[in-house]
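Here's run_7.csv, which has CSV, C-alpha atoms (C1' of nucleotides) and all ligand atoms:
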```
chain,number,residue,atom,x,y,z
T,1,MET,CA,15.4,-6.9,16.7
T,2,ARG,CA,18.6,-6.1,14.9
T,3,ILE,CA,18.9,-4.7,11.5
T,4,SER,CA,19.5,-7.9,9.6
T,5,GLU,CA,16.4,-9.5,11.1
T,6,LEU,CA,14.3,-6.5,10.2
T,7,SER,CA,15.7,-6.7,6.7
T,8,ARG,CA,14.7,-10.3,6.4
T,9,THR,CA,11.1,-9.7,7.7
T,10,CYS,CA,10.6,-6.7,5.4
T,11,GLY,CA,12.3,-8.0,2.3
T,12,CYS,CA,14.7,-5.1,1.8
T,13,SER,CA,18.4,-4.9,2.3
T,14,VAL,CA,20.2,-3.7,5.4
T,15,GLU,CA,21.7,-0.9,3.4
T,16,THR,CA,18.3,0.2,2.3
T,17,ILE,CA,17.1,0.4,5.9
T,18,ARG,CA,20.0,2.6,6.9
T,19,TYR,CA,19.4,4.6,3.8
T,20,TYR,CA,15.8,5.2,4.7
T,21,GLU,CA,16.9,6.3,8.1
T,22,SER,CA,19.3,8.8,6.6
T,23,VAL,CA,16.7,10.3,4.4
T,24,GLY,CA,14.1,10.5,7.1
T,25,LEU,CA,11.7,7.7,5.8
T,26,LEU,CA,12.3,5.7,9.0
T,27,SER,CA,12.9,7.2,12.4
T,28,ALA,CA,16.2,6.4,14.1
T,29,PRO,CA,15.9,3.5,16.5
T,30,ARG,CA,17.6,3.3,19.9
T,31,ARG,CA,21.1,1.9,20.0
T,32,ALA,CA,22.5,-0.9,22.1
T,33,ALA,CA,25.6,-0.4,24.2
T,34,ASN,CA,27.8,-1.5,21.3
T,35,GLY,CA,26.2,1.0,18.9
T,36,TYR,CA,24.1,-1.5,17.1
T,37,ARG,CA,20.6,-0.4,16.0
T,38,VAL,CA,17.7,-2.0,17.9
T,39,TYR,CA,14.3,-2.0,16.3
T,40,SER,CA,10.8,-2.4,17.8
T,41,ASP,CA,7.8,-3.9,16.2
T,42,GLU,CA,6.5,-0.3,15.6
T,43,HIS,CA,9.6,0.3,13.4
T,44,ARG,CA,8.7,-2.8,11.5
T,45,LYS,CA,5.3,-1.5,10.7
T,46,TRP,CA,6.5,1.9,9.5
T,47,LEU,CA,9.1,0.2,7.4
T,48,GLN,CA,6.3,-2.0,5.9
T,49,LEU,CA,4.5,1.2,5.0
T,50,VAL,CA,7.5,2.6,3.3
T,51,ARG,CA,8.3,-0.6,1.4
T,52,ARG,CA,4.8,-1.2,0.2
T,53,SER,CA,4.4,2.4,-0.9
T,54,ARG,CA,7.6,2.2,-2.8
T,55,ASP,CA,6.6,-1.1,-4.4
T,56,LEU,CA,3.4,0.7,-5.5
T,57,GLY,CA,5.7,3.2,-7.2
T,58,LEU,CA,5.1,6.2,-4.9
T,59,PRO,CA,8.0,8.6,-5.0
T,60,GLN,CA,9.9,9.2,-1.8
T,61,ASP,CA,8.4,12.6,-1.0
T,62,GLU,CA,4.9,11.2,-1.4
T,63,VAL,CA,5.8,8.4,1.0
T,64,ARG,CA,7.0,11.1,3.4
T,65,LEU,CA,3.7,12.8,3.0
T,66,LEU,CA,1.9,9.6,3.6
T,67,ILE,CA,3.9,9.0,6.8
T,68,LYS,CA,3.0,12.5,8.0
T,69,ILE,CA,-0.7,11.8,7.3
T,70,ALA,CA,-0.5,8.4,9.0
T,71,ARG,CA,1.2,9.8,12.1
T,72,ASP,CA,-1.5,12.3,12.5
T,73,GLU,CA,-4.2,10.9,14.8
T,74,SER,CA,-6.9,12.6,12.9
T,75,ALA,CA,-5.7,10.5,10.0
T,76,ALA,CA,-7.3,12.2,7.0
T,77,CYS,CA,-8.6,9.3,4.9
T,78,GLU,CA,-9.5,11.8,2.2
T,79,ASP,CA,-5.9,13.0,1.9
T,80,VAL,CA,-4.7,9.4,1.4
T,81,TYR,CA,-7.4,8.9,-1.2
T,82,ARG,CA,-6.3,12.1,-3.1
T,83,LEU,CA,-2.6,11.1,-2.9
T,84,LEU,CA,-3.4,7.6,-4.3
T,85,SER,CA,-5.7,9.1,-7.0
T,86,SER,CA,-3.0,11.4,-8.4
T,87,HIS,CA,-0.6,8.5,-8.4
T,88,VAL,CA,-3.1,6.3,-10.3
T,89,GLN,CA,-3.3,9.1,-12.8
T,90,ARG,CA,0.4,9.2,-13.3
T,91,VAL,CA,0.5,5.4,-13.7
T,92,SER,CA,-2.3,5.5,-16.3
T,93,THR,CA,-0.6,8.2,-18.2
T,94,ARG,CA,2.6,6.3,-18.3
T,95,ILE,CA,0.9,3.2,-19.5
T,96,ARG,CA,-0.7,5.2,-22.4
T,97,GLU,CA,2.7,6.7,-23.2
T,98,LEU,CA,4.4,3.3,-23.2
T,99,LYS,CA,1.7,1.8,-25.5
T,100,GLN,CA,2.3,4.6,-28.0
T,101,LEU,CA,6.0,3.9,-27.8
T,102,GLU,CA,5.4,0.2,-28.3
T,103,LYS,CA,3.5,1.0,-31.5
T,104,SER,CA,6.2,3.3,-32.8
T,105,LEU,CA,8.8,0.7,-32.1
T,106,ILE,CA,6.9,-2.1,-33.8
T,107,ARG,CA,6.3,0.1,-36.8
T,108,LEU,CA,10.0,0.9,-37.1
T,109,GLN,CA,11.0,-2.7,-36.6
T,110,SER,CA,8.7,-3.8,-39.3
T,111,ARG,CA,10.6,-1.7,-41.8
T,112,CYS,CA,13.6,-3.8,-41.1
T,113,ALA,CA,11.8,-7.1,-41.5
T,114,ASP,CA,10.7,-6.9,-45.1
T,115,GLY,CA,13.8,-5.1,-46.4
T,116,ARG,CA,16.3,-6.9,-48.6
T,117,SER,CA,17.9,-3.5,-49.3
T,118,LYS,CA,21.5,-2.8,-48.5
T,119,LYS,CA,20.8,0.0,-46.1
T,120,CYS,CA,18.8,-0.5,-42.9
T,121,PRO,CA,15.5,1.4,-43.4
T,122,ALA,CA,15.1,1.8,-39.6
T,123,ILE,CA,18.4,3.5,-39.2
T,124,ASP,CA,17.6,5.6,-42.2
T,125,GLU,CA,14.3,6.7,-40.7
T,126,LEU,CA,16.0,7.5,-37.3
T,127,MET,CA,18.6,9.7,-39.0
T,128,LYS,CA,16.6,11.6,-41.5
X,1,MET,CA,26.2,25.7,-37.6
X,2,ARG,CA,26.7,26.6,-33.9
X,3,ILE,CA,25.5,24.6,-31.0
X,4,SER,CA,22.4,26.7,-30.3
X,5,GLU,CA,21.2,26.3,-33.9
X,6,LEU,CA,21.8,22.6,-33.7
X,7,SER,CA,19.8,22.4,-30.5
X,8,ARG,CA,16.9,24.2,-32.0
X,9,THR,CA,16.7,21.9,-35.1
X,10,CYS,CA,17.1,18.7,-33.0
X,11,GLY,CA,14.8,19.7,-30.1
X,12,CYS,CA,17.3,19.1,-27.3
X,13,SER,CA,19.1,21.5,-25.1
X,14,VAL,CA,22.6,22.9,-25.7
X,15,GLU,CA,23.7,21.2,-22.4
X,16,THR,CA,22.4,17.9,-23.6
X,17,ILE,CA,24.4,18.1,-26.8
X,18,ARG,CA,27.6,18.9,-24.9
X,19,TYR,CA,26.7,16.0,-22.6
X,20,TYR,CA,26.3,13.6,-25.5
X,21,GLU,CA,29.7,14.6,-26.8
X,22,SER,CA,31.2,14.0,-23.3
X,23,VAL,CA,29.8,10.5,-23.1
X,24,GLY,CA,30.6,9.6,-26.7
X,25,LEU,CA,27.2,9.6,-28.2
X,26,LEU,CA,28.1,12.4,-30.6
X,27,SER,CA,31.5,12.9,-32.1
X,28,ALA,CA,33.4,16.1,-31.2
X,29,PRO,CA,33.0,18.7,-34.0
X,30,ARG,CA,35.7,21.0,-35.2
X,31,ARG,CA,36.2,24.3,-33.3
X,32,ALA,CA,36.2,27.8,-34.7
X,33,ALA,CA,39.1,30.1,-33.9
X,34,ASN,CA,37.3,31.3,-30.8
X,35,GLY,CA,36.8,27.8,-29.5
X,36,TYR,CA,33.1,27.5,-30.4
X,37,ARG,CA,31.9,24.2,-31.7
X,38,VAL,CA,31.0,24.1,-35.4
X,39,TYR,CA,28.7,21.4,-36.6
X,40,SER,CA,28.1,20.0,-40.0
X,41,ASP,CA,24.9,18.5,-41.4
X,42,GLU,CA,26.4,15.1,-40.8
X,43,HIS,CA,26.5,15.9,-37.1
X,44,ARG,CA,22.8,16.8,-37.2
X,45,LYS,CA,21.9,13.5,-38.6
X,46,TRP,CA,23.8,11.6,-36.0
X,47,LEU,CA,22.3,13.7,-33.3
X,48,GLN,CA,18.8,12.9,-34.7
X,49,LEU,CA,19.6,9.2,-34.4
X,50,VAL,CA,20.5,9.7,-30.8
X,51,ARG,CA,17.5,11.8,-30.0
X,52,ARG,CA,15.0,9.6,-31.7
X,53,SER,CA,16.4,6.5,-30.2
X,54,ARG,CA,16.3,8.0,-26.7
X,55,ASP,CA,12.8,9.2,-27.4
X,56,LEU,CA,11.9,5.6,-28.1
X,57,GLY,CA,13.4,4.7,-24.7
X,58,LEU,CA,16.5,3.0,-25.8
X,59,PRO,CA,19.2,3.2,-23.1
X,60,GLN,CA,22.4,5.0,-23.9
X,61,ASP,CA,24.5,1.9,-24.3
X,62,GLU,CA,22.1,0.5,-26.8
X,63,VAL,CA,22.2,3.8,-28.7
X,64,ARG,CA,25.9,3.5,-28.7
X,65,LEU,CA,25.5,0.0,-30.2
X,66,LEU,CA,23.1,1.3,-32.8
X,67,ILE,CA,25.6,4.0,-33.8
X,68,LYS,CA,28.3,1.4,-34.2
X,69,ILE,CA,26.0,-0.7,-36.4
X,70,ALA,CA,25.0,2.3,-38.4
X,71,ARG,CA,28.6,3.4,-39.0
X,72,ASP,CA,29.5,0.0,-40.3
X,73,GLU,CA,29.0,0.1,-44.1
X,74,SER,CA,27.8,-3.5,-44.1
X,75,ALA,CA,25.0,-2.2,-41.9
X,76,ALA,CA,23.5,-5.3,-40.4
X,77,CYS,CA,19.8,-4.8,-40.7
X,78,GLU,CA,19.3,-8.0,-38.7
X,79,ASP,CA,21.2,-6.6,-35.8
X,80,VAL,CA,19.0,-3.5,-35.7
X,81,TYR,CA,16.0,-5.7,-35.8
X,82,ARG,CA,17.2,-7.8,-32.9
X,83,LEU,CA,18.0,-4.7,-30.9
X,84,LEU,CA,14.6,-3.2,-31.5
X,85,SER,CA,12.9,-6.6,-30.7
X,86,SER,CA,14.5,-6.9,-27.3
X,87,HIS,CA,13.5,-3.3,-26.5
X,88,VAL,CA,9.9,-3.9,-27.5
X,89,GLN,CA,9.9,-6.9,-25.1
X,90,ARG,CA,11.1,-4.7,-22.3
X,91,VAL,CA,8.5,-2.1,-23.1
X,92,SER,CA,5.7,-4.7,-23.2
X,93,THR,CA,6.9,-6.2,-19.9
X,94,ARG,CA,6.9,-2.8,-18.3
X,95,ILE,CA,3.3,-2.1,-19.6
X,96,ARG,CA,2.1,-5.4,-18.0
X,97,GLU,CA,3.8,-4.5,-14.7
X,98,LEU,CA,2.3,-1.0,-14.7
X,99,LYS,CA,-1.2,-2.4,-15.3
X,100,GLN,CA,-0.8,-4.7,-12.4
X,101,LEU,CA,0.3,-1.8,-10.3
X,102,GLU,CA,-2.6,0.3,-11.5
X,103,LYS,CA,-5.0,-2.5,-10.3
X,104,SER,CA,-3.4,-2.8,-6.9
X,105,LEU,CA,-3.6,1.0,-6.5
X,106,ILE,CA,-7.2,1.2,-7.4
X,107,ARG,CA,-8.0,-1.7,-5.1
X,108,LEU,CA,-6.2,0.0,-2.2
X,109,GLN,CA,-7.8,3.4,-3.0
X,110,SER,CA,-11.3,1.9,-3.1
X,111,ARG,CA,-10.9,0.8,0.6
X,112,CYS,CA,-10.6,4.5,1.4
X,113,ALA,CA,-13.6,5.5,-0.6
X,114,ASP,CA,-16.3,3.6,1.2
X,115,GLY,CA,-14.9,3.9,4.7
X,116,ARG,CA,-16.5,6.1,7.3
X,117,SER,CA,-14.2,4.6,9.9
X,118,LYS,CA,-11.9,6.7,11.9
X,119,LYS,CA,-8.7,5.0,10.8
X,120,CYS,CA,-7.7,5.0,7.1
X,121,PRO,CA,-8.0,1.4,5.9
X,122,ALA,CA,-5.5,2.0,3.1
X,123,ILE,CA,-2.8,3.0,5.6
X,124,ASP,CA,-3.8,0.1,7.8
X,125,GLU,CA,-3.3,-2.3,4.9
X,126,LEU,CA,0.1,-0.8,4.0
X,127,MET,CA,1.4,-1.1,7.5
X,128,LYS,CA,0.1,-4.5,8.5
H,1,DG,C1',31.5,51.3,-24.1
H,2,DT,C1',28.3,48.5,-22.5
H,3,DA,C1',24.2,45.6,-22.9
H,4,DG,C1',22.7,41.3,-24.5
H,5,DA,C1',23.1,36.9,-26.6
H,6,DC,C1',25.9,33.7,-27.3
H,7,DC,C1',29.9,30.4,-26.1
H,8,DC,C1',33.4,27.8,-23.0
H,9,DT,C1',34.7,24.4,-18.9
H,10,DC,C1',33.9,22.3,-14.6
H,11,DT,C1',31.3,20.9,-10.8
H,12,DA,C1',27.3,19.6,-8.3
H,13,DG,C1',22.5,18.2,-8.1
H,14,DT,C1',18.6,15.0,-9.2
H,15,DT,C1',16.2,9.8,-7.7
H,16,DG,C1',16.5,5.7,-5.1
H,17,DC,C1',19.2,3.1,-4.0
H,18,DT,C1',23.8,-0.2,-4.1
H,19,DA,C1',28.5,-1.3,-3.2
H,20,DC,C1',32.7,-0.6,-1.1
H,21,DA,C1',36.5,0.7,2.1
H,22,DG,C1',38.0,0.5,6.4
H,23,DG,C1',37.0,-0.3,10.5
H,24,DG,C1',34.6,-2.5,15.4
H,25,DT,C1',31.9,-6.6,18.1
H,26,DC,C1',30.9,-11.0,19.5
H,27,DA,C1',30.1,-16.0,19.8
H,28,DA,C1',31.9,-20.6,18.6
H,29,DG,C1',35.5,-23.8,17.4
H,30,DA,C1',40.7,-25.6,17.3
E,1,DT,C1',43.9,-18.5,23.9
E,2,DC,C1',43.5,-17.4,19.5
E,3,DT,C1',41.2,-17.0,15.4
E,4,DT,C1',37.7,-17.4,12.2
E,5,DG,C1',33.2,-15.8,10.5
E,6,DA,C1',29.0,-13.4,10.8
E,7,DC,C1',27.5,-9.6,12.1
E,8,DC,C1',27.5,-4.2,12.9
E,9,DC,C1',29.2,0.8,12.2
E,10,DT,C1',30.3,5.3,9.3
E,11,DG,C1',31.3,7.6,5.2
E,12,DT,C1',32.0,7.9,0.4
E,13,DA,C1',31.4,6.9,-4.4
E,14,DG,C1',28.8,4.9,-8.1
E,15,DC,C1',24.6,4.1,-11.3
E,16,DA,C1',21.3,6.7,-15.7
E,17,DA,C1',20.6,10.5,-18.1
E,18,DC,C1',20.6,14.5,-17.8
E,19,DT,C1',20.0,19.6,-15.7
E,20,DA,C1',21.5,23.8,-13.5
E,21,DG,C1',24.8,26.8,-12.0
E,22,DA,C1',29.3,29.2,-11.3
E,23,DG,C1',32.6,31.8,-13.3
E,24,DG,C1',34.4,33.1,-17.1
E,25,DG,C1',35.2,34.6,-22.6
E,26,DT,C1',33.4,36.6,-27.4
E,27,DC,C1',30.9,39.2,-30.5
E,28,DT,C1',27.5,42.4,-32.4
E,29,DA,C1',24.7,46.5,-31.9
E,30,DC,C1',23.1,50.8,-30.1
V,1,ZN,ZN,-8.1,6.3,3.6
V,2,ZN,ZN,17.2,-2.8,-40.4
V,3,ZN,ZN,35.7,-4.4,5.6
V,4,ZN,ZN,28.0,33.5,-15.7
```

Once more with this new file: its structure as structure tokens, please.
Ligand SMILES: [Zn+2]
Ligand SMILES: [Zn+2]
Ligand SMILES: [Zn+2]
Ligand SMILES: [Zn+2]
Amino acid sequence: MRISELSRTCGCSVETIRYYESVGLLSAPRRAANGYRVYSDEHRKWLQLVRRSRDLGLPQDEVRLLIKIARDESAACEDVYRLLSSHVQRVSTRIRELKQLEKSLIRLQSRCADGRSKKCPAIDELMK
Amino acid sequence: MRISELSRTCGCSVETIRYYESVGLLSAPRRAANGYRVYSDEHRKWLQLVRRSRDLGLPQDEVRLLIKIARDESAACEDVYRLLSSHVQRVSTRIRELKQLEKSLIRLQSRCADGRSKKCPAIDELMK
DNA sequence: GTAGACCCTCTAGTTGCTACAGGGTCAAGA
DNA sequence: TCTTGACCCTGTAGCAACTAGAGGGTCTAC
């Protein structure tokens, strides 16, 4: 399978696939006589792992770790669990932060809403 | 006031202040004879606006817009309100997305938890 | 006179891609 | 046969919003 076909089946761009190869998230495939990359179904699976992990918000280096774990035959289920746990924690924390932010923004915005004053009270608050 | 004092009162690094100047988020201050930047209290206020806006998650170009609005004497309260509204929307959307993500992650993770199988079911799912 | 705390500019790194520029390859149609 | 057009290649530069460092200058105090 050539790179464009792989890109279609995995839902990521050709450039992204080459990029993953360059940063070691996808192993280099064999090349045809003309220099084109030729991918196997194995490659497709590994790319799926990368794509799905990224879609779940895992940073690149954790995807790399996941790959290492997955390649290991004695695939440590526990390690995967731990990795996912710590990521869930990060996501939860971020959600809490964003909720706080949302509250602050709405409070700030409300000061604009009722004001008939000349000066914008929101701007005033931000500068004080 | 010199740059390090300003950085202390505004809670951002010296480098960040210089960076804001370089990208036009903070106007260039006058220089002392030795070339050091000298800031007035006005500068401090504008930097506060930038810092607080950034802390609220506003992207740089919207902060720039906010500055333009604030500089305008006929400060359009309505424009500020609109700007904040659209940002609140973005934040709310992001929160919803992250909650979805959190759910998916927890589902995936749970497949690890109960498994006594040799192969990690989470990895399997990600690669299939 | 030298140590330390400042200050300056300029450049390069971060993350995770994306978009060119400037080429080569190959099958189909005029 | 020639030429389009859809592919493919490498390599470099860009994005946001800083951060960190190199390699220097300045000023005060012991
Ligand atoms: Zn597992
Ligand atoms: Zn207002
Ligand atoms: Zn080209
Ligand atoms: Zn130095």

Can you show chain X as a PDB file with C-alpha atoms, keeping the file's coordinate frame once it has been least-squares superposed onto chain T, using every C-alpha atom paired in order?
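And here's part_2.pdb as it stands now:
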```pdb
ATOM      1  CA  MET X   1      15.475  -6.973  16.605  1.00  0.00           C
ATOM      2  CA  ARG X   2      18.701  -6.144  14.692  1.00  0.00           C
ATOM      3  CA  ILE X   3      18.881  -4.629  11.298  1.00  0.00           C
ATOM      4  CA  SER X   4      19.513  -7.883   9.422  1.00  0.00           C
ATOM      5  CA  GLU X   5      16.408  -9.482  10.959  1.00  0.00           C
ATOM      6  CA  LEU X   6      14.390  -6.445  10.069  1.00  0.00           C
ATOM      7  CA  SER X   7      15.621  -6.613   6.500  1.00  0.00           C
ATOM      8  CA  ARG X   8      14.676 -10.204   6.164  1.00  0.00           C
ATOM      9  CA  THR X   9      11.063  -9.675   7.431  1.00  0.00           C
ATOM     10  CA  CYS X  10      10.552  -6.533   5.268  1.00  0.00           C
ATOM     11  CA  GLY X  11      12.241  -7.827   2.079  1.00  0.00           C
ATOM     12  CA  CYS X  12      14.668  -4.935   1.637  1.00  0.00           C
ATOM     13  CA  SER X  13      18.360  -4.777   2.074  1.00  0.00           C
ATOM     14  CA  VAL X  14      20.198  -3.683   5.235  1.00  0.00           C
ATOM     15  CA  GLU X  15      21.715  -0.771   3.183  1.00  0.00           C
ATOM     16  CA  THR X  16      18.300   0.331   2.115  1.00  0.00           C
ATOM     17  CA  ILE X  17      17.068   0.499   5.684  1.00  0.00           C
ATOM     18  CA  ARG X  18      20.066   2.587   6.755  1.00  0.00           C
ATOM     19  CA  TYR X  19      19.383   4.741   3.688  1.00  0.00           C
ATOM     20  CA  TYR X  20      15.762   5.272   4.655  1.00  0.00           C
ATOM     21  CA  GLU X  21      16.841   6.367   8.103  1.00  0.00           C
ATOM     22  CA  SER X  22      19.351   8.829   6.522  1.00  0.00           C
ATOM     23  CA  VAL X  23      16.698  10.436   4.370  1.00  0.00           C
ATOM     24  CA  GLY X  24      14.035  10.477   7.076  1.00  0.00           C
ATOM     25  CA  LEU X  25      11.741   7.823   5.848  1.00  0.00           C
ATOM     26  CA  LEU X  26      12.293   5.708   8.952  1.00  0.00           C
ATOM     27  CA  SER X  27      12.917   7.091  12.381  1.00  0.00           C
ATOM     28  CA  ALA X  28      16.298   6.354  14.020  1.00  0.00           C
ATOM     29  CA  PRO X  29      15.959   3.417  16.473  1.00  0.00           C
ATOM     30  CA  ARG X  30      17.672   3.181  19.794  1.00  0.00           C
ATOM     31  CA  ARG X  31      21.247   1.778  19.855  1.00  0.00           C
ATOM     32  CA  ALA X  32      22.569  -1.101  21.899  1.00  0.00           C
ATOM     33  CA  ALA X  33      25.686  -0.594  23.988  1.00  0.00           C
ATOM     34  CA  ASN X  34      27.828  -1.643  21.055  1.00  0.00           C
ATOM     35  CA  GLY X  35      26.249   0.882  18.749  1.00  0.00           C
ATOM     36  CA  TYR X  36      24.046  -1.571  16.821  1.00  0.00           C
ATOM     37  CA  ARG X  37      20.603  -0.435  15.887  1.00  0.00           C
ATOM     38  CA  VAL X  38      17.739  -2.081  17.784  1.00  0.00           C
ATOM     39  CA  TYR X  39      14.328  -2.044  16.241  1.00  0.00           C
ATOM     40  CA  SER X  40      10.941  -2.495  17.727  1.00  0.00           C
ATOM     41  CA  ASP X  41       7.826  -3.939  16.098  1.00  0.00           C
ATOM     42  CA  GLU X  42       6.610  -0.409  15.624  1.00  0.00           C
ATOM     43  CA  HIS X  43       9.618   0.232  13.415  1.00  0.00           C
ATOM     44  CA  ARG X  44       8.718  -2.816  11.314  1.00  0.00           C
ATOM     45  CA  LYS X  45       5.323  -1.517  10.647  1.00  0.00           C
ATOM     46  CA  TRP X  46       6.552   1.836   9.540  1.00  0.00           C
ATOM     47  CA  LEU X  47       9.122   0.228   7.359  1.00  0.00           C
ATOM     48  CA  GLN X  48       6.342  -1.900   5.749  1.00  0.00           C
ATOM     49  CA  LEU X  49       4.467   1.297   4.923  1.00  0.00           C
ATOM     50  CA  VAL X  50       7.521   2.633   3.219  1.00  0.00           C
ATOM     51  CA  ARG X  51       8.258  -0.526   1.341  1.00  0.00           C
ATOM     52  CA  ARG X  52       4.760  -1.121   0.161  1.00  0.00           C
ATOM     53  CA  SER X  53       4.296   2.411  -0.899  1.00  0.00           C
ATOM     54  CA  ARG X  54       7.546   2.371  -2.886  1.00  0.00           C
ATOM     55  CA  ASP X  55       6.517  -0.941  -4.352  1.00  0.00           C
ATOM     56  CA  LEU X  56       3.393   0.783  -5.590  1.00  0.00           C
ATOM     57  CA  GLY X  57       5.644   3.424  -7.196  1.00  0.00           C
ATOM     58  CA  LEU X  58       5.004   6.275  -4.923  1.00  0.00           C
ATOM     59  CA  PRO X  59       7.955   8.706  -4.915  1.00  0.00           C
ATOM     60  CA  GLN X  60       9.804   9.265  -1.692  1.00  0.00           C
ATOM     61  CA  ASP X  61       8.346  12.666  -0.993  1.00  0.00           C
ATOM     62  CA  GLU X  62       4.870  11.330  -1.312  1.00  0.00           C
ATOM     63  CA  VAL X  63       5.770   8.503   1.076  1.00  0.00           C
ATOM     64  CA  ARG X  64       6.990  11.100   3.432  1.00  0.00           C
ATOM     65  CA  LEU X  65       3.590  12.830   3.102  1.00  0.00           C
ATOM     66  CA  LEU X  66       1.784   9.574   3.691  1.00  0.00           C
ATOM     67  CA  ILE X  67       3.812   8.991   6.868  1.00  0.00           C
ATOM     68  CA  LYS X  68       2.905  12.429   8.119  1.00  0.00           C
ATOM     69  CA  ILE X  69      -0.784  11.740   7.444  1.00  0.00           C
ATOM     70  CA  ALA X  70      -0.564   8.381   9.079  1.00  0.00           C
ATOM     71  CA  ARG X  71       1.120   9.750  12.213  1.00  0.00           C
ATOM     72  CA  ASP X  72      -1.586  12.311  12.638  1.00  0.00           C
ATOM     73  CA  GLU X  73      -4.235  10.752  14.930  1.00  0.00           C
ATOM     74  CA  SER X  74      -7.009  12.497  13.017  1.00  0.00           C
ATOM     75  CA  ALA X  75      -5.781  10.456  10.067  1.00  0.00           C
ATOM     76  CA  ALA X  76      -7.352  12.118   7.087  1.00  0.00           C
ATOM     77  CA  CYS X  77      -8.643   9.289   4.998  1.00  0.00           C
ATOM     78  CA  GLU X  78      -9.564  11.819   2.308  1.00  0.00           C
ATOM     79  CA  ASP X  79      -6.013  12.956   2.023  1.00  0.00           C
ATOM     80  CA  VAL X  80      -4.793   9.398   1.463  1.00  0.00           C
ATOM     81  CA  TYR X  81      -7.420   8.971  -1.139  1.00  0.00           C
ATOM     82  CA  ARG X  82      -6.388  12.105  -2.976  1.00  0.00           C
ATOM     83  CA  LEU X  83      -2.761  11.066  -2.846  1.00  0.00           C
ATOM     84  CA  LEU X  84      -3.493   7.638  -4.221  1.00  0.00           C
ATOM     85  CA  SER X  85      -5.798   9.166  -6.949  1.00  0.00           C
ATOM     86  CA  SER X  86      -3.123  11.452  -8.302  1.00  0.00           C
ATOM     87  CA  HIS X  87      -0.658   8.533  -8.390  1.00  0.00           C
ATOM     88  CA  VAL X  88      -3.082   6.324 -10.277  1.00  0.00           C
ATOM     89  CA  GLN X  89      -3.419   9.160 -12.847  1.00  0.00           C
ATOM     90  CA  ARG X  90       0.313   9.254 -13.279  1.00  0.00           C
ATOM     91  CA  VAL X  91       0.461   5.512 -13.645  1.00  0.00           C
ATOM     92  CA  SER X  92      -2.347   5.494 -16.239  1.00  0.00           C
ATOM     93  CA  THR X  93      -0.663   8.331 -18.162  1.00  0.00           C
ATOM     94  CA  ARG X  94       2.586   6.443 -18.196  1.00  0.00           C
ATOM     95  CA  ILE X  95       0.799   3.231 -19.474  1.00  0.00           C
ATOM     96  CA  ARG X  96      -0.720   5.257 -22.386  1.00  0.00           C
ATOM     97  CA  GLU X  97       2.698   6.737 -23.232  1.00  0.00           C
ATOM     98  CA  LEU X  98       4.377   3.320 -23.136  1.00  0.00           C
ATOM     99  CA  LYS X  99       1.742   1.858 -25.479  1.00  0.00           C
ATOM    100  CA  GLN X 100       2.340   4.616 -27.907  1.00  0.00           C
ATOM    101  CA  LEU X 101       6.019   3.940 -27.710  1.00  0.00           C
ATOM    102  CA  GLU X 102       5.466   0.232 -28.158  1.00  0.00           C
ATOM    103  CA  LYS X 103       3.545   1.011 -31.435  1.00  0.00           C
ATOM    104  CA  SER X 104       6.220   3.297 -32.789  1.00  0.00           C
ATOM    105  CA  LEU X 105       8.853   0.632 -32.012  1.00  0.00           C
ATOM    106  CA  ILE X 106       7.010  -2.107 -33.719  1.00  0.00           C
ATOM    107  CA  ARG X 107       6.366   0.112 -36.719  1.00  0.00           C
ATOM    108  CA  LEU X 108      10.071   0.974 -36.977  1.00  0.00           C
ATOM    109  CA  GLN X 109      11.116  -2.683 -36.433  1.00  0.00           C
ATOM    110  CA  SER X 110       8.749  -3.922 -39.148  1.00  0.00           C
ATOM    111  CA  ARG X 111      10.650  -1.759 -41.749  1.00  0.00           C
ATOM    112  CA  CYS X 112      13.675  -3.909 -40.945  1.00  0.00           C
ATOM    113  CA  ALA X 113      11.845  -7.158 -41.255  1.00  0.00           C
ATOM    114  CA  ASP X 114      10.787  -7.017 -44.861  1.00  0.00           C
ATOM    115  CA  GLY X 115      13.837  -5.250 -46.229  1.00  0.00           C
ATOM    116  CA  ARG X 116      16.367  -7.023 -48.377  1.00  0.00           C
ATOM    117  CA  SER X 117      18.006  -3.692 -49.094  1.00  0.00           C
ATOM    118  CA  LYS X 118      21.563  -3.064 -48.283  1.00  0.00           C
ATOM    119  CA  LYS X 119      20.961  -0.148 -45.944  1.00  0.00           C
ATOM    120  CA  CYS X 120      18.887  -0.638 -42.758  1.00  0.00           C
ATOM    121  CA  PRO X 121      15.661   1.319 -43.258  1.00  0.00           C
ATOM    122  CA  ALA X 122      15.143   1.653 -39.507  1.00  0.00           C
ATOM    123  CA  ILE X 123      18.476   3.462 -39.114  1.00  0.00           C
ATOM    124  CA  ASP X 124      17.689   5.521 -42.178  1.00  0.00           C
ATOM    125  CA  GLU X 125      14.412   6.633 -40.616  1.00  0.00           C
ATOM    126  CA  LEU X 126      16.077   7.501 -37.285  1.00  0.00           C
ATOM    127  CA  MET X 127      18.704   9.624 -38.905  1.00  0.00           C
ATOM    128  CA  LYS X 128      16.685  11.471 -41.505  1.00  0.00           C
TER     129      LYS X 128
END
```

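Taking atom CA of X:Gln48 and atom CA of X:Asn34 as the two end points, the separation is 26.4 Å.
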
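Here atom CA of T:Arg2 is placed at a distance of 7.5 Å from atom CA of T:Tyr36.
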
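Reported to one decimal place, the separation of atom CA of X:Glu5 from atom CA of X:Tyr39 is 9.4 Å.
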
*asked:* Show me which residues are within 12 Å of ligand ZN 3 (chain V) counting only C-alpha atoms (C1' of nucleotides) and all ligand atoms, and format the list as a PyMOL selection string.
replied: (chain H and resi 19-24) or (chain E and resi 7-10)

*asked:* Using all atoms listed in the file, which residues of the polymer chains come no farther than 8 Å from ligand ZN 4 (chain V)? I'd like the answer as an NGL selection string.
replied: :E and (22-24)
